[in-house]
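Text of query_39.pdb (PDB, C-alpha atoms) as supplied:
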```pdb
ATOM      1  CA  MET V 146     -13.047 -16.884  -5.297
ATOM      2  CA  LYS V 147     -10.839 -19.874  -4.483
ATOM      3  CA  VAL V 148      -7.213 -19.528  -3.442
ATOM      4  CA  ASP V 149      -4.561 -22.054  -2.474
ATOM      5  CA  LYS V 150      -3.389 -20.884   0.937
ATOM      6  CA  ALA V 151       0.016 -22.533   0.564
ATOM      7  CA  VAL V 152       0.972 -20.245  -2.323
ATOM      8  CA  THR V 153      -0.975 -17.129  -1.313
ATOM      9  CA  ALA V 154       0.234 -13.978   0.451
ATOM     10  CA  SER V 155      -1.805 -11.205   2.037
ATOM     11  CA  PHE V 156      -0.423  -7.684   1.508
ATOM     12  CA  ASP V 157      -1.412  -4.832   3.849
ATOM     13  CA  ILE V 158      -0.450  -1.708   1.900
ATOM     14  CA  ASP V 159       0.265   1.375   4.043
ATOM     15  CA  PRO V 160      -2.497   0.788   6.643
ATOM     16  CA  GLN V 161      -1.199   3.623   8.826
ATOM     17  CA  ASN V 162      -2.882   6.198  11.022
ATOM     18  CA  GLY V 163      -1.451   8.960   8.852
ATOM     19  CA  PHE V 164      -3.870   7.936   6.107
ATOM     20  CA  THR V 165      -6.933   7.954   8.371
ATOM     21  CA  PRO V 166      -9.051  10.550  10.183
ATOM     22  CA  ILE V 167      -7.074   9.661  13.323
ATOM     23  CA  CYS V 168      -4.453  12.069  11.939
ATOM     24  CA  PRO V 169      -6.569  14.778  10.306
ATOM     25  CA  TYR V 170      -3.619  17.056   9.538
ATOM     26  CA  GLU V 171      -1.753  14.414   7.545
ATOM     27  CA  LEU V 172      -3.432  12.635   4.587
ATOM     28  CA  PRO V 173      -6.728  11.279   5.966
ATOM     29  CA  VAL V 174      -8.597   8.907   3.663
ATOM     30  CA  PRO V 175     -12.342   8.746   4.382
ATOM     31  CA  GLY V 176     -13.151   5.458   6.104
ATOM     32  CA  GLY V 177      -9.485   4.579   6.425
ATOM     33  CA  THR V 178      -9.879   2.837   9.771
ATOM     34  CA  GLU V 179     -12.570   0.528   8.366
ATOM     35  CA  ILE V 180     -10.078  -1.689   6.543
ATOM     36  CA  VAL V 181      -8.739  -3.462   9.638
ATOM     37  CA  THR V 182     -11.275  -6.286   9.866
ATOM     38  CA  PRO V 183     -11.196  -7.236   6.164
ATOM     39  CA  LEU V 184      -7.395  -7.121   6.158
ATOM     40  CA  ASN V 185      -7.301  -9.488   9.112
ATOM     41  CA  GLN V 186      -9.892 -11.727   7.476
ATOM     42  CA  GLN V 187      -8.082 -11.990   4.148
ATOM     43  CA  ALA V 188      -4.874 -12.928   5.966
ATOM     44  CA  GLU V 189      -6.569 -16.113   7.151
ATOM     45  CA  PHE V 190      -6.463 -17.358   3.562
ATOM     46  CA  ALA V 191      -2.724 -16.721   3.166
ATOM     47  CA  ALA V 192       0.440 -18.501   4.223
ATOM     48  CA  ILE V 193       2.399 -15.230   4.290
ATOM     49  CA  ARG V 194       1.385 -11.766   5.502
ATOM     50  CA  VAL V 195       3.405  -8.708   4.517
ATOM     51  CA  VAL V 196       3.003  -5.007   5.207
ATOM     52  CA  SER V 197       4.312  -1.753   3.808
ATOM     53  CA  LYS V 198       4.707   1.503   5.703
ATOM     54  CA  ASP V 199       5.594   4.999   4.620
ATOM     55  CA  ALA V 200       8.536   6.154   6.730
ATOM     56  CA  HIS V 201       9.177   9.748   5.748
ATOM     57  CA  PRO V 202      11.851  12.084   7.151
ATOM     58  CA  VAL V 203      10.931  15.619   8.195
ATOM     59  CA  THR V 204      13.593  16.841   5.744
ATOM     60  CA  ALA V 205      11.713  15.471   2.709
ATOM     61  CA  ILE V 206      12.086  17.789  -0.294
ATOM     62  CA  TRP V 207       8.521  17.042  -1.403
ATOM     63  CA  ALA V 208       6.901  18.352   1.780
ATOM     64  CA  ALA V 209       4.354  21.115   1.256
ATOM     65  CA  GLY V 210       5.029  24.374   3.039
ATOM     66  CA  ASP V 211       6.914  27.574   2.359
ATOM     67  CA  LYS V 212       8.415  26.166  -0.842
ATOM     68  CA  GLY V 213       5.115  25.100  -2.360
ATOM     69  CA  ALA V 214       1.515  24.087  -1.809
ATOM     70  CA  PRO V 215       0.238  20.488  -1.831
ATOM     71  CA  PHE V 216       0.025  18.892  -5.284
ATOM     72  CA  THR V 217       2.421  21.365  -6.891
ATOM     73  CA  ASP V 218       5.377  19.990  -8.871
ATOM     74  CA  VAL V 219       8.718  19.135  -7.284
ATOM     75  CA  GLU V 220      11.969  18.775  -9.180
ATOM     76  CA  GLY V 221      13.865  15.510  -8.768
ATOM     77  CA  ASP V 222      14.254  12.081 -10.321
ATOM     78  CA  ASN V 223      12.217  10.301  -7.650
ATOM     79  CA  VAL V 224       9.656  12.868  -6.575
ATOM     80  CA  ASP V 225       6.705  14.291  -8.476
ATOM     81  CA  ILE V 226       4.376  16.509  -6.423
ATOM     82  CA  ARG V 227       4.205  17.985  -2.947
ATOM     83  CA  TRP V 228       2.229  16.367  -0.126
ATOM     84  CA  LYS V 229       1.468  17.309   3.435
ATOM     85  CA  MET V 230       4.034  15.742   5.730
ATOM     86  CA  HIS V 231       2.828  12.330   6.868
ATOM     87  CA  CYS V 232       3.879   9.034   8.447
ATOM     88  CA  VAL V 233       7.041  10.281  10.139
ATOM     89  CA  PRO V 234       8.685   7.535  12.249
ATOM     90  CA  GLY V 235       8.055   8.108  15.933
ATOM     91  CA  THR V 236       4.706   9.810  15.385
ATOM     92  CA  LYS V 237       1.120   8.561  15.617
ATOM     93  CA  GLY V 238       0.788   8.784  11.855
ATOM     94  CA  PHE V 239       3.570   6.262  11.323
ATOM     95  CA  GLU V 240       1.880   3.597  13.443
ATOM     96  CA  LEU V 241      -0.332   0.880  12.003
ATOM     97  CA  ILE V 242      -4.055   1.259  12.580
ATOM     98  CA  GLU V 243      -5.189  -0.249  15.874
ATOM     99  CA  GLY V 244      -6.346  -3.834  15.467
ATOM    100  CA  LEU V 245      -3.646  -4.851  13.000
ATOM    101  CA  PRO V 246      -0.661  -6.950  14.100
ATOM    102  CA  ASP V 247       2.487  -5.300  15.391
ATOM    103  CA  THR V 248       4.921  -4.658  12.566
ATOM    104  CA  ALA V 249       7.287  -7.296  13.976
ATOM    105  CA  ASP V 250       4.557  -9.928  13.724
ATOM    106  CA  TYR V 251       4.365  -9.709   9.936
ATOM    107  CA  ASP V 252       6.476 -12.064   7.835
ATOM    108  CA  PHE V 253       8.016  -9.147   5.928
ATOM    109  CA  ALA V 254       7.828  -5.358   6.244
ATOM    110  CA  VAL V 255       8.651  -2.706   3.676
ATOM    111  CA  PHE V 256       9.617   0.789   4.844
ATOM    112  CA  LYS V 257       9.453   3.197   1.935
ATOM    113  CA  GLY V 258      10.108   6.861   1.302
ATOM    114  CA  VAL V 259      12.924   6.916   3.851
ATOM    115  CA  GLU V 260      15.215   9.044   1.696
ATOM    116  CA  PRO V 261      14.402  12.775   1.707
ATOM    117  CA  ASN V 262      14.663  13.000  -2.074
ATOM    118  CA  MET V 263      12.527   9.943  -2.875
ATOM    119  CA  HIS V 264       8.754   9.560  -2.632
ATOM    120  CA  PRO V 265       7.676   6.172  -4.011
ATOM    121  CA  TYR V 266       4.056   5.059  -4.050
ATOM    122  CA  GLY V 267       4.338   1.363  -4.836
ATOM    123  CA  ALA V 268       5.741  -0.899  -2.119
ATOM    124  CA  CYS V 269       7.922  -3.004  -4.393
ATOM    125  CA  TYR V 270      10.499  -0.359  -5.359
ATOM    126  CA  HIS V 271      12.194   2.493  -3.543
ATOM    127  CA  ASP V 272      12.265   4.685  -6.645
ATOM    128  CA  LEU V 273       9.684   5.896  -9.156
ATOM    129  CA  HIS V 274      11.304   4.002 -12.034
ATOM    130  CA  ASN V 275      11.071   0.456 -10.643
ATOM    131  CA  LYS V 276      14.835  -0.008 -10.558
ATOM    132  CA  MET V 277      15.560  -0.291  -6.810
ATOM    133  CA  PRO V 278      13.626  -3.225  -5.315
ATOM    134  CA  THR V 279      12.521  -3.179  -1.701
ATOM    135  CA  GLY V 280      12.934  -6.958  -1.564
ATOM    136  CA  VAL V 281       9.278  -7.897  -1.119
ATOM    137  CA  ILE V 282       8.962  -9.402  -4.601
ATOM    138  CA  GLU V 283      12.061 -11.480  -4.062
ATOM    139  CA  PHE V 284      10.849 -12.552  -0.606
ATOM    140  CA  LEU V 285       7.488 -13.713  -1.966
ATOM    141  CA  LYS V 286       9.075 -15.623  -4.807
ATOM    142  CA  CYS V 287      11.511 -17.329  -2.435
ATOM    143  CA  ARG V 288       8.489 -18.484  -0.441
ATOM    144  CA  ASN V 289       6.902 -19.868  -3.649
ATOM    145  CA  ILE V 290       4.025 -17.404  -3.518
ATOM    146  CA  THR V 291       2.039 -17.115  -6.744
ATOM    147  CA  THR V 292      -1.084 -15.213  -5.589
ATOM    148  CA  VAL V 293      -1.223 -11.969  -3.610
ATOM    149  CA  ILE V 294      -4.386 -10.568  -1.999
ATOM    150  CA  CYS V 295      -4.050  -6.803  -1.610
ATOM    151  CA  GLY V 296      -5.775  -4.199   0.516
ATOM    152  CA  GLY V 297      -4.792  -0.902   2.072
ATOM    153  CA  LEU V 298      -4.562   2.855   1.601
ATOM    154  CA  ALA V 299      -5.111   4.527  -0.671
ATOM    155  CA  THR V 300      -6.765   2.726  -3.594
ATOM    156  CA  ASP V 301      -5.878   5.415  -6.112
ATOM    157  CA  TYR V 302      -2.214   5.775  -5.164
ATOM    158  CA  CYS V 303      -0.119   3.299  -3.176
ATOM    159  CA  VAL V 304      -2.498   0.365  -3.594
ATOM    160  CA  LYS V 305      -2.719   0.893  -7.333
ATOM    161  CA  LEU V 306       1.030   1.199  -7.859
ATOM    162  CA  THR V 307       1.805  -1.798  -5.644
ATOM    163  CA  VAL V 308      -0.737  -3.943  -7.499
ATOM    164  CA  LEU V 309       0.699  -2.924 -10.877
ATOM    165  CA  GLN V 310       4.224  -3.747  -9.702
ATOM    166  CA  LEU V 311       3.158  -7.169  -8.426
ATOM    167  CA  LEU V 312       1.377  -7.932 -11.696
ATOM    168  CA  GLN V 313       4.447  -6.915 -13.657
ATOM    169  CA  ALA V 314       6.478  -9.295 -11.483
ATOM    170  CA  GLY V 315       4.232 -12.176 -12.549
ATOM    171  CA  PHE V 316       1.942 -12.656  -9.547
ATOM    172  CA  ASP V 317      -1.786 -13.284  -9.720
ATOM    173  CA  VAL V 318      -3.217 -10.334  -7.811
ATOM    174  CA  ILE V 319      -6.602 -10.062  -6.105
ATOM    175  CA  VAL V 320      -7.672  -6.611  -4.942
ATOM    176  CA  ASN V 321      -9.979  -6.796  -1.933
ATOM    177  CA  LEU V 322     -12.154  -3.705  -2.325
ATOM    178  CA  GLU V 323     -13.612  -4.157   1.159
ATOM    179  CA  ALA V 324     -10.089  -3.746   2.522
ATOM    180  CA  CYS V 325      -9.331  -0.604   0.476
ATOM    181  CA  ARG V 326     -10.301   3.028   0.721
ATOM    182  CA  GLY V 327      -9.463   5.814  -1.717
ATOM    183  CA  ILE V 328      -9.266   9.575  -1.893
ATOM    184  CA  ALA V 329     -11.574  10.662  -4.719
ATOM    185  CA  GLU V 330     -14.185   8.866  -6.821
ATOM    186  CA  GLU V 331     -12.676   9.953 -10.129
ATOM    187  CA  THR V 332      -9.151   8.799  -9.324
ATOM    188  CA  ILE V 333     -10.427   5.618  -7.642
ATOM    189  CA  ASN V 334     -12.378   4.629 -10.751
ATOM    190  CA  ALA V 335      -9.387   5.378 -12.972
ATOM    191  CA  ALA V 336      -7.149   3.288 -10.713
ATOM    192  CA  LEU V 337      -9.553   0.347 -10.759
ATOM    193  CA  GLU V 338      -9.696   0.433 -14.541
ATOM    194  CA  GLU V 339      -5.903   0.615 -14.820
ATOM    195  CA  MET V 340      -5.475  -2.341 -12.479
ATOM    196  CA  LYS V 341      -8.153  -4.293 -14.346
ATOM    197  CA  GLN V 342      -6.492  -3.670 -17.690
ATOM    198  CA  ALA V 343      -3.185  -4.889 -16.222
ATOM    199  CA  GLY V 344      -4.789  -8.178 -15.153
ATOM    200  CA  ALA V 345      -5.883  -7.670 -11.541
ATOM    201  CA  LYS V 346      -8.884  -9.530 -10.173
ATOM    202  CA  PHE V 347     -11.345  -7.909  -7.780
ATOM    203  CA  MET V 348     -13.656  -8.925  -4.980
ATOM    204  CA  THR V 349     -16.076  -6.611  -3.218
ATOM    205  CA  ARG V 350     -16.289  -8.599   0.015
ATOM    206  CA  THR V 351     -13.702 -10.683   1.872
ATOM    207  CA  ALA V 352     -16.395 -13.336   2.337
ATOM    208  CA  GLU V 353     -15.989 -14.175  -1.352
ATOM    209  CA  LEU V 354     -12.701 -15.931  -0.558
ATOM    210  CA  GLU V 355     -12.653 -19.712  -0.399
ATOM    211  CA  ALA V 356      -9.810 -22.101   0.313
ATOM    212  CA  SER V 357      -9.226 -24.557  -2.513
TER     213      SER V 357
END
```
Let's see the structure in the file written out as structure tokens.
Amino acid sequence: MKVDKAVTASFDIDPQNGFTPICPYELPVPGGTEIVTPLNQQAEFAAIRVVSKDAHPVTAIWAAGDKGAPFTDVEGDNVDIRWKMHCVPGTKGFELIEGLPDTADYDFAVFKGVEPNMHPYGACYHDLHNKMPTGVIEFLKCRNITTVICGGLATDYCVKLTVLQLLQAGFDVIVNLEACRGIAEETINAALEEMKQAGAKFMTRTAELEAS
């Protein structure tokens, strides 16, 4: 798969410890730590490298606990279901997986889910209705990016929503399956089909990339 490096960005979507077995009491995705090498490899084919990070407050209204179990409904315009608390700034879960660059070494970083009453999945908008941009789309367009290679955690949630948002914004999007891990086979397959129908391209191995 050939890409023009000058107009290509690499997007590391939520590659945080909180989504790996390193933090088993948060939201561990099986094999989550295995995405580091392919993410670093795909970045070699891009002029721009961006990252997104969940940055959740301990006061989040969607947090599972006394008020409700995980995956139960939550009332609010920008929340849907409850999750175990994860990726709180200042904790191990918030940090990027070892082997990735420091956050400050990326060209652009998105911090999402900062508000206690908002739990977005996609990295391009702060809300669930795609009305409050995080700025990453605008940043990429200002840098004349036309193609975005995506990988991260988890395939069936934040990766899927970010890819759909980028496609809607007019980018050509390549999903690097080697650089993704998901939660459950059923929801992963559904996510892949949804992304495919929206126009995403897929590669199973980072080695498929070629510079044009």
Mind pulling up the distance from CA of Arg227 (chain V) to CA of Gly213 (chain V)?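 Atom-to-atom, CA of Gly213 (chain V) and CA of Arg227 (chain V) are spaced 7.2 Å apart.
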Using all atoms listed in the file, which of V:Asp199, V:Glu220, V:Glu338, V:Asp211 sits nearest Gly163 (chain V)?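 Distance minimum relative to Gly163 (chain V) lands on V:Asp199.
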Between CA of His264 (chain V) and CA of Val224 (chain V), what distance in Å does the model show, to one decimal?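 Result for CA of His264 (chain V) versus CA of Val224 (chain V): 5.2 Å, one decimal.
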Set the distance at 7 Å and use only C-alpha atoms: which residues neighbour region 152-158 of chain V once local chain neighbours fewer than 5 positions away are removed? I'd like the list as a PyMOL selection string. chain V and resi 184+187-188+191-197+289-298+304
For the provided coordinates, the residues matched by the PyMOL selection byres ((chain V and resi 221) around 12) should be stated as a list in words. Ala205, Ile206, Trp207, Asp218, Val219, Glu220, Asp222, Asn223, Val224, Asp225, Ile226, Arg227, Pro261, Asn262, Met263, His264, Asp272 and Leu273 of chain V
If you apply the PyMOL selection byres ((chain V and resi 318-331) around 7) to this file, what residues do you get, as a VMD selection string? chain V and resid 174 176 to 177 180 183 to 184 292 to 301 308 312 316 to 317 332 to 335 345 to 351
Calculate how many Å separate CA of Phe190 (chain V) from CA of Phe239 (chain V), rounding to one decimal.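 It comes out at 26.8 Å.
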I need the output of the PyMOL selection byres ((chain V and resi 232) around 8) for this file as a list of chain:residue names; which residues are they?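 This file gives the following for the PyMOL selection byres ((chain V and resi 232) around 8): V:Gln161, V:Asn162, V:Gly163, V:Glu171, V:Asp199, V:Ala200, V:His201, V:Met230, V:His231, V:Val233, V:Pro234, V:Thr236, V:Lys237, V:Gly238, V:Phe239, V:Glu240.
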Kindly indicate which residue among V:Lys198, V:Asn275, V:Gln186, V:Glu179 lies nearest to Glu355 (chain V), using all atoms listed in the file for the distances.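 Of V:Lys198, V:Asn275, V:Gln186, V:Glu179, the one nearest Glu355 (chain V) is V:Gln186, counting all atoms listed in the file.
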Which centre and which edge lengths, in Å to one decimal, describe the axis-aligned box that holds all listed atoms of region 291-304 of chain V after 4 Å is added on each side, as JSON?
```
{"center_x": -2.4, "center_y": -5.7, "center_z": -2.3, "size_x": 16.8, "size_y": 30.9, "size_z": 16.8}
```
Taking only C-alpha atoms into account, name the residue in V:Gly235, V:Leu309, V:Thr178, V:Arg288 that is nearest to Lys341 (chain V).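 Among the listed residues, V:Leu309 lies closest to Lys341 (chain V).
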